[in-house]
>>> print(open('run-v1.cif').read())   # mmCIF, C-alpha atoms and all ligand atoms
data_structure
loop_
_atom_site.group_PDB
_atom_site.id
_atom_site.type_symbol
_atom_site.label_atom_id
_atom_site.label_comp_id
_atom_site.auth_asym_id
_atom_site.auth_seq_id
_atom_site.Cartn_x
_atom_site.Cartn_y
_atom_site.Cartn_z
ATOM 1 C CA MET A 221 123.371 98.068 138.877
ATOM 2 C CA ILE A 222 121.105 99.166 141.722
ATOM 3 C CA ASP A 223 119.515 102.294 143.235
ATOM 4 C CA LEU A 224 118.945 102.328 147.006
ATOM 5 C CA HIS A 225 117.453 105.808 147.467
ATOM 6 C CA THR A 226 114.266 106.812 145.609
ATOM 7 C CA HIS A 227 110.976 108.613 146.253
ATOM 8 C CA THR A 228 107.471 107.885 144.938
ATOM 9 C CA THR A 229 104.048 109.568 145.024
ATOM 10 C CA ALA A 230 103.698 108.143 148.551
ATOM 11 C CA SER A 231 105.911 111.097 149.549
ATOM 12 C CA ASP A 232 107.132 113.798 147.178
ATOM 13 C CA GLY A 233 108.233 111.839 144.117
ATOM 14 C CA SER A 234 106.198 111.999 140.893
ATOM 15 C CA PHE A 235 106.289 108.286 139.961
ATOM 16 C CA LYS A 236 103.750 105.884 141.397
ATOM 17 C CA PRO A 237 105.545 103.001 143.154
ATOM 18 C CA ARG A 238 104.592 100.534 140.425
ATOM 19 C CA ASN A 239 105.832 102.845 137.688
ATOM 20 C CA LEU A 240 109.075 103.537 139.537
ATOM 21 C CA VAL A 241 109.794 99.800 139.748
ATOM 22 C CA LYS A 242 108.886 99.272 136.090
ATOM 23 C CA THR A 243 111.168 102.157 135.094
ATOM 24 C CA ALA A 244 113.998 100.727 137.210
ATOM 25 C CA LYS A 245 113.687 97.446 135.329
ATOM 26 C CA GLU A 246 113.657 99.282 131.991
ATOM 27 C CA GLN A 247 116.823 101.136 133.053
ATOM 28 C CA GLY A 248 118.481 97.751 133.481
ATOM 29 C CA LEU A 249 118.651 97.882 137.279
ATOM 30 C CA GLN A 250 118.716 94.642 139.259
ATOM 31 C CA ALA A 251 117.371 96.174 142.469
ATOM 32 C CA VAL A 252 115.698 99.344 143.719
ATOM 33 C CA ALA A 253 114.853 100.546 147.230
ATOM 34 C CA VAL A 254 111.848 102.794 147.870
ATOM 35 C CA THR A 255 112.814 105.299 150.588
ATOM 36 C CA ASP A 256 109.942 107.752 150.910
ATOM 37 C CA HIS A 257 110.011 110.529 153.512
ATOM 38 C CA ASP A 258 108.129 109.665 156.734
ATOM 39 C CA THR A 259 106.063 106.856 155.212
ATOM 40 C CA SER A 260 106.337 103.209 154.233
ATOM 41 C CA ALA A 261 103.091 103.390 152.252
ATOM 42 C CA GLY A 262 104.697 103.017 148.808
ATOM 43 C CA ASN A 263 106.550 99.814 149.635
ATOM 44 C CA ARG A 264 103.726 97.305 149.313
ATOM 45 C CA GLU A 265 102.816 98.334 145.770
ATOM 46 C CA ALA A 266 106.526 98.462 144.897
ATOM 47 C CA LEU A 267 107.143 94.940 146.228
ATOM 48 C CA GLU A 268 104.226 93.572 144.197
ATOM 49 C CA ALA A 269 105.529 95.356 141.109
ATOM 50 C CA GLY A 270 108.950 93.835 141.784
ATOM 51 C CA VAL A 271 107.425 90.381 141.413
ATOM 52 C CA ASP A 272 105.528 91.363 138.248
ATOM 53 C CA PHE A 273 108.506 93.020 136.546
ATOM 54 C CA ASP A 274 111.134 90.616 137.905
ATOM 55 C CA ILE A 275 113.331 93.057 139.786
ATOM 56 C CA GLU A 276 114.395 93.016 143.429
ATOM 57 C CA VAL A 277 112.646 95.641 145.593
ATOM 58 C CA ILE A 278 114.054 96.616 148.996
ATOM 59 C CA PRO A 279 111.593 98.170 151.465
ATOM 60 C CA GLY A 280 112.868 101.414 152.945
ATOM 61 C CA VAL A 281 112.144 104.796 154.449
ATOM 62 C CA GLU A 282 113.936 108.158 154.854
ATOM 63 C CA ILE A 283 113.760 110.145 158.078
ATOM 64 C CA SER A 284 114.786 113.765 158.441
ATOM 65 C CA ALA A 285 116.244 113.773 161.941
ATOM 66 C CA ASP A 286 117.427 116.494 164.271
ATOM 67 C CA SER A 287 121.040 116.869 165.373
ATOM 68 C CA PRO A 288 123.148 119.600 166.993
ATOM 69 C CA TRP A 289 124.364 120.399 163.456
ATOM 70 C CA GLY A 290 120.944 120.724 161.820
ATOM 71 C CA ALA A 291 118.832 118.232 159.882
ATOM 72 C CA VAL A 292 120.424 114.832 159.204
ATOM 73 C CA HIS A 293 118.720 112.404 156.833
ATOM 74 C CA ILE A 294 118.767 108.724 157.755
ATOM 75 C CA VAL A 295 117.720 106.089 155.235
ATOM 76 C CA GLY A 296 116.452 102.786 156.636
ATOM 77 C CA LEU A 297 116.838 99.804 154.314
ATOM 78 C CA PHE A 298 115.129 96.405 154.792
ATOM 79 C CA VAL A 299 112.674 97.767 157.341
ATOM 80 C CA ARG A 300 109.828 95.447 158.325
ATOM 81 C CA LEU A 301 106.557 96.700 156.903
ATOM 82 C CA ASN A 302 103.579 96.904 159.253
ATOM 83 C CA ASP A 303 105.901 97.185 162.241
ATOM 84 C CA ASP A 304 103.573 98.699 164.861
ATOM 85 C CA GLU A 305 106.193 100.821 166.550
ATOM 86 C CA MET A 306 107.666 102.171 163.310
ATOM 87 C CA GLU A 307 104.242 102.927 161.863
ATOM 88 C CA SER A 308 103.196 104.820 164.962
ATOM 89 C CA THR A 309 106.424 106.859 164.889
ATOM 90 C CA LEU A 310 105.952 107.608 161.180
ATOM 91 C CA ARG A 311 102.350 108.680 161.878
ATOM 92 C CA GLU A 312 103.645 111.104 164.481
ATOM 93 C CA LEU A 313 106.192 112.527 162.013
ATOM 94 C CA ARG A 314 103.413 113.014 159.456
ATOM 95 C CA ARG A 315 101.403 114.841 162.110
ATOM 96 C CA PHE A 316 104.341 117.238 162.727
ATOM 97 C CA ARG A 317 104.529 117.728 158.964
ATOM 98 C CA GLU A 318 100.786 118.499 158.657
ATOM 99 C CA GLU A 319 101.068 121.021 161.470
ATOM 100 C CA ARG A 320 103.967 122.722 159.662
ATOM 101 C CA ASN A 321 102.053 122.647 156.372
ATOM 102 C CA ARG A 322 98.946 124.278 157.875
ATOM 103 C CA LYS A 323 101.081 127.091 159.316
ATOM 104 C CA MET A 324 102.903 127.555 155.995
ATOM 105 C CA ILE A 325 99.549 127.810 154.187
ATOM 106 C CA LYS A 326 98.519 130.518 156.641
ATOM 107 C CA LEU A 327 101.756 132.467 156.028
ATOM 108 C CA LEU A 328 101.165 132.340 152.262
ATOM 109 C CA VAL A 329 97.492 133.333 152.582
ATOM 110 C CA ASP A 330 98.493 136.238 154.845
ATOM 111 C CA MET A 331 100.897 137.348 152.091
ATOM 112 C CA GLY A 332 97.953 137.435 149.687
ATOM 113 C CA ILE A 333 98.691 134.117 147.991
ATOM 114 C CA PRO A 334 95.543 131.967 148.031
ATOM 115 C CA ILE A 335 96.421 128.337 148.592
ATOM 116 C CA THR A 336 94.476 125.565 150.322
ATOM 117 C CA MET A 337 95.216 122.182 151.871
ATOM 118 C CA GLU A 338 92.766 120.585 149.413
ATOM 119 C CA GLU A 339 94.803 121.915 146.484
ATOM 120 C CA LEU A 340 98.020 120.664 148.054
ATOM 121 C CA LEU A 341 96.568 117.214 148.677
ATOM 122 C CA MET A 342 95.449 117.086 145.040
ATOM 123 C CA GLU A 343 98.937 118.091 143.967
ATOM 124 C CA ALA A 344 100.493 115.448 146.216
ATOM 125 C CA GLY A 345 98.205 112.642 145.063
ATOM 126 C CA GLY A 346 99.150 110.719 148.191
ATOM 127 C CA GLU A 347 98.785 111.129 151.907
ATOM 128 C CA LEU A 348 101.906 113.216 152.398
ATOM 129 C CA VAL A 349 102.389 116.879 151.434
ATOM 130 C CA GLY A 350 105.924 118.235 151.218
ATOM 131 C CA ARG A 351 107.524 121.494 150.180
ATOM 132 C CA PRO A 352 107.963 120.257 146.582
ATOM 133 C CA HIS A 353 104.142 120.150 146.359
ATOM 134 C CA PHE A 354 103.945 123.738 147.602
ATOM 135 C CA ALA A 355 106.516 124.649 144.937
ATOM 136 C CA ALA A 356 104.620 122.927 142.112
ATOM 137 C CA LEU A 357 101.374 124.606 143.145
ATOM 138 C CA LEU A 358 102.976 128.068 143.349
ATOM 139 C CA VAL A 359 104.234 127.568 139.795
ATOM 140 C CA LYS A 360 100.781 126.451 138.588
ATOM 141 C CA LYS A 361 99.162 129.486 140.185
ATOM 142 C CA GLY A 362 101.662 131.761 138.465
ATOM 143 C CA VAL A 363 102.979 133.089 141.769
ATOM 144 C CA VAL A 364 106.497 132.154 140.630
ATOM 145 C CA GLN A 365 107.972 131.252 137.261
ATOM 146 C CA SER A 366 109.793 128.123 138.335
ATOM 147 C CA TYR A 367 110.072 125.418 140.935
ATOM 148 C CA GLN A 368 113.478 126.752 141.977
ATOM 149 C CA GLU A 369 112.142 130.305 142.352
ATOM 150 C CA ALA A 370 109.430 128.942 144.658
ATOM 151 C CA PHE A 371 112.137 127.514 146.909
ATOM 152 C CA ASP A 372 114.456 130.497 146.640
ATOM 153 C CA VAL A 373 111.779 133.044 147.536
ATOM 154 C CA TYR A 374 109.316 131.167 149.742
ATOM 155 C CA LEU A 375 110.249 127.617 150.677
ATOM 156 C CA LYS A 376 113.937 127.206 151.374
ATOM 157 C CA SER A 377 115.179 127.476 154.929
ATOM 158 C CA GLY A 378 114.927 131.207 155.626
ATOM 159 C CA GLY A 379 112.396 131.707 152.786
ATOM 160 C CA LYS A 380 109.306 133.927 153.275
ATOM 161 C CA ALA A 381 106.925 131.036 153.954
ATOM 162 C CA TYR A 382 109.390 128.545 155.419
ATOM 163 C CA LEU A 383 108.757 126.932 158.755
ATOM 164 C CA ASP A 384 110.784 124.189 160.330
ATOM 165 C CA LYS A 385 109.021 121.028 161.373
ATOM 166 C CA LYS A 386 109.513 119.038 164.516
ATOM 167 C CA ARG A 387 111.932 116.163 163.942
ATOM 168 C CA LEU A 388 113.043 113.051 165.774
ATOM 169 C CA PRO A 389 116.486 113.219 167.324
ATOM 170 C CA THR A 390 118.962 111.139 165.287
ATOM 171 C CA LEU A 391 119.169 108.586 168.105
ATOM 172 C CA ASP A 392 115.402 107.946 167.932
ATOM 173 C CA ALA A 393 115.381 107.745 164.125
ATOM 174 C CA ILE A 394 118.270 105.264 164.132
ATOM 175 C CA SER A 395 116.718 103.206 166.950
ATOM 176 C CA MET A 396 113.353 103.094 165.204
ATOM 177 C CA ILE A 397 114.968 101.668 162.063
ATOM 178 C CA LEU A 398 117.037 99.125 164.019
ATOM 179 C CA ARG A 399 113.997 97.949 165.997
ATOM 180 C CA ALA A 400 112.094 97.513 162.716
ATOM 181 C CA GLY A 401 114.876 95.194 161.539
ATOM 182 C CA GLY A 402 116.365 97.762 159.162
ATOM 183 C CA ILE A 403 119.871 99.042 158.443
ATOM 184 C CA PRO A 404 120.276 102.750 159.292
ATOM 185 C CA ILE A 405 122.381 104.562 156.689
ATOM 186 C CA LEU A 406 123.510 108.192 156.614
ATOM 187 C CA ALA A 407 121.938 109.714 153.479
ATOM 188 C CA HIS A 408 123.911 112.162 151.319
ATOM 189 C CA PRO A 409 126.860 112.485 153.744
ATOM 190 C CA CYS A 410 128.039 115.439 151.630
ATOM 191 C CA THR A 411 125.433 117.574 153.435
ATOM 192 C CA LEU A 412 126.958 116.729 156.837
ATOM 193 C CA ARG A 413 130.425 117.737 155.657
ATOM 194 C CA GLN A 414 130.149 121.511 155.913
ATOM 195 C CA LYS A 415 133.764 122.303 156.790
ATOM 196 C CA ASP A 416 136.612 119.844 156.817
ATOM 197 C CA ALA A 417 137.177 116.123 157.239
ATOM 198 C CA ASN A 418 137.740 116.463 160.988
ATOM 199 C CA GLN A 419 134.360 118.069 161.524
ATOM 200 C CA PHE A 420 132.619 115.449 159.388
ATOM 201 C CA GLU A 421 134.389 112.542 161.039
ATOM 202 C CA SER A 422 133.556 113.648 164.560
ATOM 203 C CA ARG A 423 129.897 114.095 163.569
ATOM 204 C CA LEU A 424 129.855 110.682 161.897
ATOM 205 C CA LYS A 425 131.512 109.112 164.928
ATOM 206 C CA SER A 426 128.724 110.304 167.190
ATOM 207 C CA LEU A 427 126.070 108.928 164.794
ATOM 208 C CA LEU A 428 127.889 105.568 164.767
ATOM 209 C CA ASP A 429 127.800 105.566 168.572
ATOM 210 C CA GLN A 430 124.011 105.950 168.234
ATOM 211 C CA GLY A 431 123.784 102.817 166.088
ATOM 212 C CA LEU A 432 124.251 104.082 162.530
ATOM 213 C CA ARG A 433 125.624 101.260 160.345
ATOM 214 C CA GLY A 434 126.628 102.794 157.045
ATOM 215 C CA ILE A 435 126.855 105.740 154.676
ATOM 216 C CA GLU A 436 125.802 106.540 151.137
ATOM 217 C CA VAL A 437 129.129 106.530 149.344
ATOM 218 C CA TYR A 438 127.333 106.808 146.001
ATOM 219 C CA TYR A 439 125.028 109.803 145.696
ATOM 220 C CA THR A 440 123.947 111.964 142.777
ATOM 221 C CA ASP A 441 125.550 115.153 144.106
ATOM 222 C CA HIS A 442 128.855 113.552 145.111
ATOM 223 C CA SER A 443 131.911 114.509 143.114
ATOM 224 C CA LYS A 444 134.339 111.731 142.226
ATOM 225 C CA GLY A 445 136.579 113.108 144.982
ATOM 226 C CA GLU A 446 133.809 112.923 147.578
ATOM 227 C CA GLU A 447 132.911 109.408 146.467
ATOM 228 C CA ALA A 448 136.538 108.322 146.866
ATOM 229 C CA TYR A 449 136.814 109.996 150.278
ATOM 230 C CA PHE A 450 133.612 108.399 151.625
ATOM 231 C CA ALA A 451 134.577 105.001 150.177
ATOM 232 C CA ASP A 452 137.991 105.167 151.809
ATOM 233 C CA LEU A 453 136.484 106.218 155.141
ATOM 234 C CA ALA A 454 133.956 103.381 154.961
ATOM 235 C CA ARG A 455 136.763 100.891 154.392
ATOM 236 C CA ARG A 456 138.955 102.280 157.195
ATOM 237 C CA TRP A 457 136.099 102.468 159.700
ATOM 238 C CA ASN A 458 134.441 99.231 158.617
ATOM 239 C CA LEU A 459 131.138 100.912 157.682
ATOM 240 C CA LEU A 460 128.515 99.519 155.372
ATOM 241 C CA ILE A 461 128.366 101.184 151.982
ATOM 242 C CA SER A 462 125.129 102.168 150.293
ATOM 243 C CA GLY A 463 124.154 104.483 147.490
ATOM 244 C CA GLY A 464 121.313 105.858 145.477
ATOM 245 C CA THR A 465 120.204 108.697 143.277
ATOM 246 C CA ASP A 466 117.456 110.305 145.424
ATOM 247 C CA PHE A 467 115.275 110.009 142.332
ATOM 248 C CA HIS A 468 112.081 112.145 142.585
ATOM 249 C CA GLY A 469 110.848 111.998 138.955
ATOM 250 C CA SER A 470 109.683 115.339 137.542
ATOM 251 C CA VAL A 471 110.333 117.012 140.907
ATOM 252 C CA LYS A 472 114.080 116.756 140.197
ATOM 253 C CA PRO A 473 113.995 116.327 136.427
ATOM 254 C CA ASN A 474 117.762 116.203 135.944
ATOM 255 C CA VAL A 475 118.195 113.149 138.180
ATOM 256 C CA ILE A 476 117.876 109.831 136.328
ATOM 257 C CA LEU A 477 116.815 106.664 138.140
ATOM 258 C CA GLY A 478 119.897 104.508 138.783
ATOM 259 C CA ARG A 479 122.162 106.964 136.959
ATOM 260 C CA GLY A 480 122.025 110.253 138.876
ATOM 261 C CA PHE A 481 123.255 113.005 136.586
ATOM 262 C CA GLY A 482 124.035 110.326 134.018
ATOM 263 C CA ASP A 483 127.314 108.748 135.046
ATOM 264 C CA MET A 484 126.427 106.876 138.235
ATOM 265 C CA ALA A 485 126.619 103.094 138.371
ATOM 266 C CA ILE A 486 126.211 101.345 141.713
ATOM 267 C CA PRO A 487 127.294 97.714 141.525
ATOM 268 C CA TYR A 488 124.999 94.935 142.774
ATOM 269 C CA GLU A 489 127.812 93.823 145.089
ATOM 270 C CA ILE A 490 126.925 96.784 147.363
ATOM 271 C CA LEU A 491 123.528 95.211 147.986
ATOM 272 C CA GLU A 492 125.080 91.776 148.556
ATOM 273 C CA ASN A 493 127.288 93.222 151.301
ATOM 274 C CA LEU A 494 124.294 94.913 152.922
ATOM 275 C CA LYS A 495 122.372 91.628 152.884
ATOM 276 C CA GLU A 496 125.296 89.689 154.353
ATOM 277 C CA SER A 497 125.506 92.171 157.217
ATOM 278 C CA ARG A 498 121.982 91.175 158.249
ATOM 279 C CA ILE A 499 122.737 87.486 158.777
HETATM 280 P P1 LIG A 501 109.977 118.741 153.235
HETATM 281 O O1 LIG A 501 110.215 117.297 153.569
HETATM 282 O O2 LIG A 501 108.535 119.040 153.052
HETATM 283 O O3 LIG A 501 110.655 119.682 154.188
HETATM 284 O O4 LIG A 501 110.656 118.980 151.781
HETATM 285 C C1 LIG A 501 111.984 118.583 151.570
HETATM 286 C C2 LIG A 501 112.229 118.434 150.083
HETATM 287 O O5 LIG A 501 112.224 119.717 149.464
HETATM 288 C C3 LIG A 501 113.605 117.853 149.782
HETATM 289 O O6 LIG A 501 113.552 116.441 149.672
HETATM 290 C C4 LIG A 501 113.952 118.468 148.440
HETATM 291 O O7 LIG A 501 113.445 117.658 147.390
HETATM 292 C C5 LIG A 501 113.200 119.779 148.434
HETATM 293 N N1 LIG A 501 114.086 120.922 148.727
HETATM 294 C C6 LIG A 501 114.521 121.332 149.945
HETATM 295 N N2 LIG A 501 115.268 122.458 149.840
HETATM 296 C C7 LIG A 501 115.303 122.790 148.528
HETATM 297 C C8 LIG A 501 115.909 123.860 147.771
HETATM 298 N N3 LIG A 501 116.628 124.828 148.362
HETATM 299 N N4 LIG A 501 115.729 123.856 146.423
HETATM 300 C C9 LIG A 501 114.994 122.893 145.816
HETATM 301 N N5 LIG A 501 114.396 121.871 146.460
HETATM 302 C C10 LIG A 501 114.549 121.807 147.810
HETATM 303 ZN ZN ZN A 502 111.973 114.139 148.761
HETATM 304 FE FE FE A 503 117.325 113.381 151.951
HETATM 305 FE FE FE A 504 115.696 111.496 149.613
#
>>> encode(input="run-v1.cif", output="structure tokens", more="lines below")
Ligand code: AMP
Ligand code: ZN
Ligand code: FE
Ligand code: FE
Amino acid sequence: MIDLHTHTTASDGSFKPRNLVKTAKEQGLQAVAVTDHDTSAGNREALEAGVDFDIEVIPGVEISADSPWGAVHIVGLFVRLNDDEMESTLRELRRFREERNRKMIKLLVDMGIPITMEELLMEAGGELVGRPHFAALLVKKGVVQSYQEAFDVYLKSGGKAYLDKKRLPTLDAISMILRAGGIPILAHPCTLRQKDANQFESRLKSLLDQGLRGIEVYYTDHSKGEEAYFADLARRWNLLISGGTDFHGSVKPNVILGRGFGDMAIPYEILENLKESRI
């Protein structure tokens, strides 16, 4: 079994890369990909841990891109680390994020909720602050009772302190991954399917025209029906198949590494096919 979509403390997960890899091994996984938001910083430690714990580690990244239909998440697998162009693009995305964060702090302070960047950086424990860190801090300060309440009241799209951040167009996100030697995969395709199959398929078609190579057939939130639909589509359209849990540790405590809500099992063969496509 494998898990090709996970987050570490390098972005908004709660497991350090080394601990994530160790846990993957303990869960009986044969391979794990680290796909942090807007940063490749967790990959080096994860790769070293892969050697120590004898488990295959795939370097990756996840980009929240802009499309005519809203945010679209693209996972890049097998990206080259230290690729100058990719790193400079990721730095720019982190700058957009910091700008958004500073403005969100100001909105909260103006509402009478004292919160500082220093506190958020402490909460994040890495270089990247995301909304989950805002949520955790709001809980700690007693502003809200729960992580979910923090999102529902303040942080979700349309929430009292929510601000959108500047994103790369999907074409640029896909191209960046391809130029860094990676495979661009549509993450959680369920979120792009807002109406019917026709709508989803025309959206997917335009992403494929931009260079997208595959979709996450296996994903924590997918029903068996969705999984079957995406698998069938991948076969008919000759798309690569990927899958992962979107594990975030304590940030999403009901999602288990490699197992999703408990019943996921992604066969190693999926990774073999992805590797073959690179030759
Ligand atoms: P950011 O990248 O800072 O915009 O934060 C995005 C992250 O926030 C996602 O990866 C989710 O983990 C989390 N998130 C977004 N919307 C919600 C929501 N409505 N409820 C709970 N968590 C959310
Ligand atoms: Zn995340
Ligand atoms: Fe995502
Ligand atoms: Fe994710």
>>> resolve_selection(input="run-v1.cif", expression="the PyMOL selection byres (((chain A and resi 354) around 9) and not hetatm)", output="short mmCIF file (atom, residue, chain, number, x, y, z; two decimals) with C-alpha atoms, in the coordinates of the input")
data_model
loop_
_atom_site.label_atom_id
_atom_site.label_comp_id
_atom_site.auth_asym_id
_atom_site.auth_seq_id
_atom_site.Cartn_x
_atom_site.Cartn_y
_atom_site.Cartn_z
CA ILE A 325 99.55 127.81 154.19
CA ILE A 335 96.42 128.34 148.59
CA LEU A 340 98.02 120.66 148.05
CA GLU A 343 98.94 118.09 143.97
CA VAL A 349 102.39 116.88 151.43
CA GLY A 350 105.92 118.24 151.22
CA ARG A 351 107.52 121.49 150.18
CA PRO A 352 107.96 120.26 146.58
CA HIS A 353 104.14 120.15 146.36
CA ALA A 355 106.52 124.65 144.94
CA ALA A 356 104.62 122.93 142.11
CA LEU A 357 101.37 124.61 143.15
CA LEU A 358 102.98 128.07 143.35
CA VAL A 359 104.23 127.57 139.79
CA ALA A 370 109.43 128.94 144.66
CA LEU A 375 110.25 127.62 150.68
#
>>> resolve_selection(input="run-v1.cif", expression="the PyMOL selection byres (((chain A and resi 249-262) around 6) and not hetatm)", output="number ranges by chain")
A: 221-227, 230-231, 237, 244-245, 247-248, 263-265, 275-283, 310
>>> closest_residue(input="run-v1.cif", among="A:Arg399, A:Lys323, A:Arg317, A:Arg455", to="ligand LIG 501 (chain A)", atoms="all atoms listed in the file")
A:Arg317
>>> resolve_selection(input="run-v1.cif", expression="the PyMOL selection byres (((chain A and resi 288-291) around 9) and not hetatm)", output="PyMOL selection string")
chain A and resi 284-287+292-293+387+390+412+423
>>> closest_residue(input="run-v1.cif", among="A:Thr411, A:Asn418, A:Gln430, A:Asn474", to="ligand FE 503 (chain A)", atoms="all atoms listed in the file")
A:Thr411
>>> closest_residue(input="run-v1.cif", among="A:Val373, A:Leu453, A:Ile476, A:Met396", to="ligand LIG 501 (chain A)", atoms="all atoms listed in the file")
A:Val373
>>> atom_distance(input="run-v1.cif", atom1="CA of Glu307 in chain A", atom2="atom C3 of ligand LIG 501 (chain A)")
21.4 Å
>>> closest_residue(input="run-v1.cif", among="A:Phe273, A:Phe298, A:Tyr438, A:Phe235", to="Ile403 in chain A", atoms="all atoms listed in the file")
A:Phe298
>>> atom_distance(input="run-v1.cif", atom1="CA of Pro409 in chain A", atom2="CA of Tyr439 in chain A")
8.7 Å
>>> atom_distance(input="run-v1.cif", atom1="CA of Asp392 in chain A", atom2="CA of Ala266 in chain A")
26.4 Å
>>> closest_residue(input="run-v1.cif", among="A:Leu383, A:Ile397, A:Met337, A:Leu491", to="Glu305 in chain A", atoms="only C-alpha atoms")
A:Ile397
>>> residues_around(input="run-v1.cif", residues="Ile394 in chain A", least_positions_apart="4", cutoff="8 Å", atoms="only C-alpha atoms", output="list in words")
Ile294, Thr390, Leu398, Pro404, Gln430, Gly431 and Leu432 of chain A
>>> decode(input="run-v1.cif", residues="range 315-329 of chain A", atoms="N, CA, C and O atoms", output="mmCIF file, in the first residue's frame")
data_model
loop_
_atom_site.group_PDB
_atom_site.id
_atom_site.type_symbol
_atom_site.label_atom_id
_atom_site.label_comp_id
_atom_site.auth_asym_id
_atom_site.auth_seq_id
_atom_site.Cartn_x
_atom_site.Cartn_y
_atom_site.Cartn_z
ATOM 1 N N ARG A 315 5.099 34.317 -0.748
ATOM 2 C CA ARG A 315 4.983 35.758 -0.532
ATOM 3 C C ARG A 315 3.501 36.188 -0.619
ATOM 4 O O ARG A 315 3.028 36.948 0.214
ATOM 5 N N PHE A 316 2.771 35.677 -1.604
ATOM 6 C CA PHE A 316 1.333 35.969 -1.713
ATOM 7 C C PHE A 316 0.622 35.541 -0.429
ATOM 8 O O PHE A 316 -0.268 36.214 0.077
ATOM 9 N N ARG A 317 1.014 34.368 0.073
ATOM 10 C CA ARG A 317 0.405 33.812 1.274
ATOM 11 C C ARG A 317 0.673 34.713 2.483
ATOM 12 O O ARG A 317 -0.222 35.010 3.262
ATOM 13 N N GLU A 318 1.946 35.179 2.619
ATOM 14 C CA GLU A 318 2.292 36.047 3.753
ATOM 15 C C GLU A 318 1.506 37.352 3.708
ATOM 16 O O GLU A 318 1.052 37.853 4.734
ATOM 17 N N GLU A 319 1.353 37.875 2.493
ATOM 18 C CA GLU A 319 0.576 39.103 2.313
ATOM 19 C C GLU A 319 -0.857 38.882 2.808
ATOM 20 O O GLU A 319 -1.404 39.679 3.562
ATOM 21 N N ARG A 320 -1.458 37.792 2.374
ATOM 22 C CA ARG A 320 -2.819 37.426 2.786
ATOM 23 C C ARG A 320 -2.876 37.271 4.307
ATOM 24 O O ARG A 320 -3.770 37.789 4.967
ATOM 25 N N ASN A 321 -1.885 36.582 4.867
ATOM 26 C CA ASN A 321 -1.877 36.350 6.314
ATOM 27 C C ASN A 321 -1.824 37.662 7.093
ATOM 28 O O ASN A 321 -2.540 37.832 8.074
ATOM 29 N N ARG A 322 -0.945 38.587 6.648
ATOM 30 C CA ARG A 322 -0.835 39.871 7.359
ATOM 31 C C ARG A 322 -2.171 40.604 7.358
ATOM 32 O O ARG A 322 -2.590 41.165 8.362
ATOM 33 N N LYS A 323 -2.855 40.566 6.199
ATOM 34 C CA LYS A 323 -4.161 41.259 6.109
ATOM 35 C C LYS A 323 -5.211 40.562 6.973
ATOM 36 O O LYS A 323 -6.072 41.210 7.557
ATOM 37 N N MET A 324 -5.141 39.228 7.049
ATOM 38 C CA MET A 324 -6.105 38.497 7.885
ATOM 39 C C MET A 324 -5.863 38.793 9.366
ATOM 40 O O MET A 324 -6.811 38.940 10.143
ATOM 41 N N ILE A 325 -4.592 38.923 9.757
ATOM 42 C CA ILE A 325 -4.273 39.296 11.139
ATOM 43 C C ILE A 325 -4.901 40.651 11.454
ATOM 44 O O ILE A 325 -5.530 40.839 12.488
ATOM 45 N N LYS A 326 -4.745 41.586 10.513
ATOM 46 C CA LYS A 326 -5.296 42.930 10.734
ATOM 47 C C LYS A 326 -6.820 42.880 10.900
ATOM 48 O O LYS A 326 -7.379 43.538 11.788
ATOM 49 N N LEU A 327 -7.500 42.089 10.063
ATOM 50 C CA LEU A 327 -8.959 41.959 10.191
ATOM 51 C C LEU A 327 -9.337 41.438 11.574
ATOM 52 O O LEU A 327 -10.259 41.948 12.212
ATOM 53 N N LEU A 328 -8.608 40.431 12.061
ATOM 54 C CA LEU A 328 -8.913 39.857 13.373
ATOM 55 C C LEU A 328 -8.648 40.875 14.476
ATOM 56 O O LEU A 328 -9.468 41.044 15.388
ATOM 57 N N VAL A 329 -7.505 41.569 14.386
ATOM 58 C CA VAL A 329 -7.163 42.574 15.406
ATOM 59 C C VAL A 329 -8.230 43.671 15.424
ATOM 60 O O VAL A 329 -8.682 44.094 16.491
#
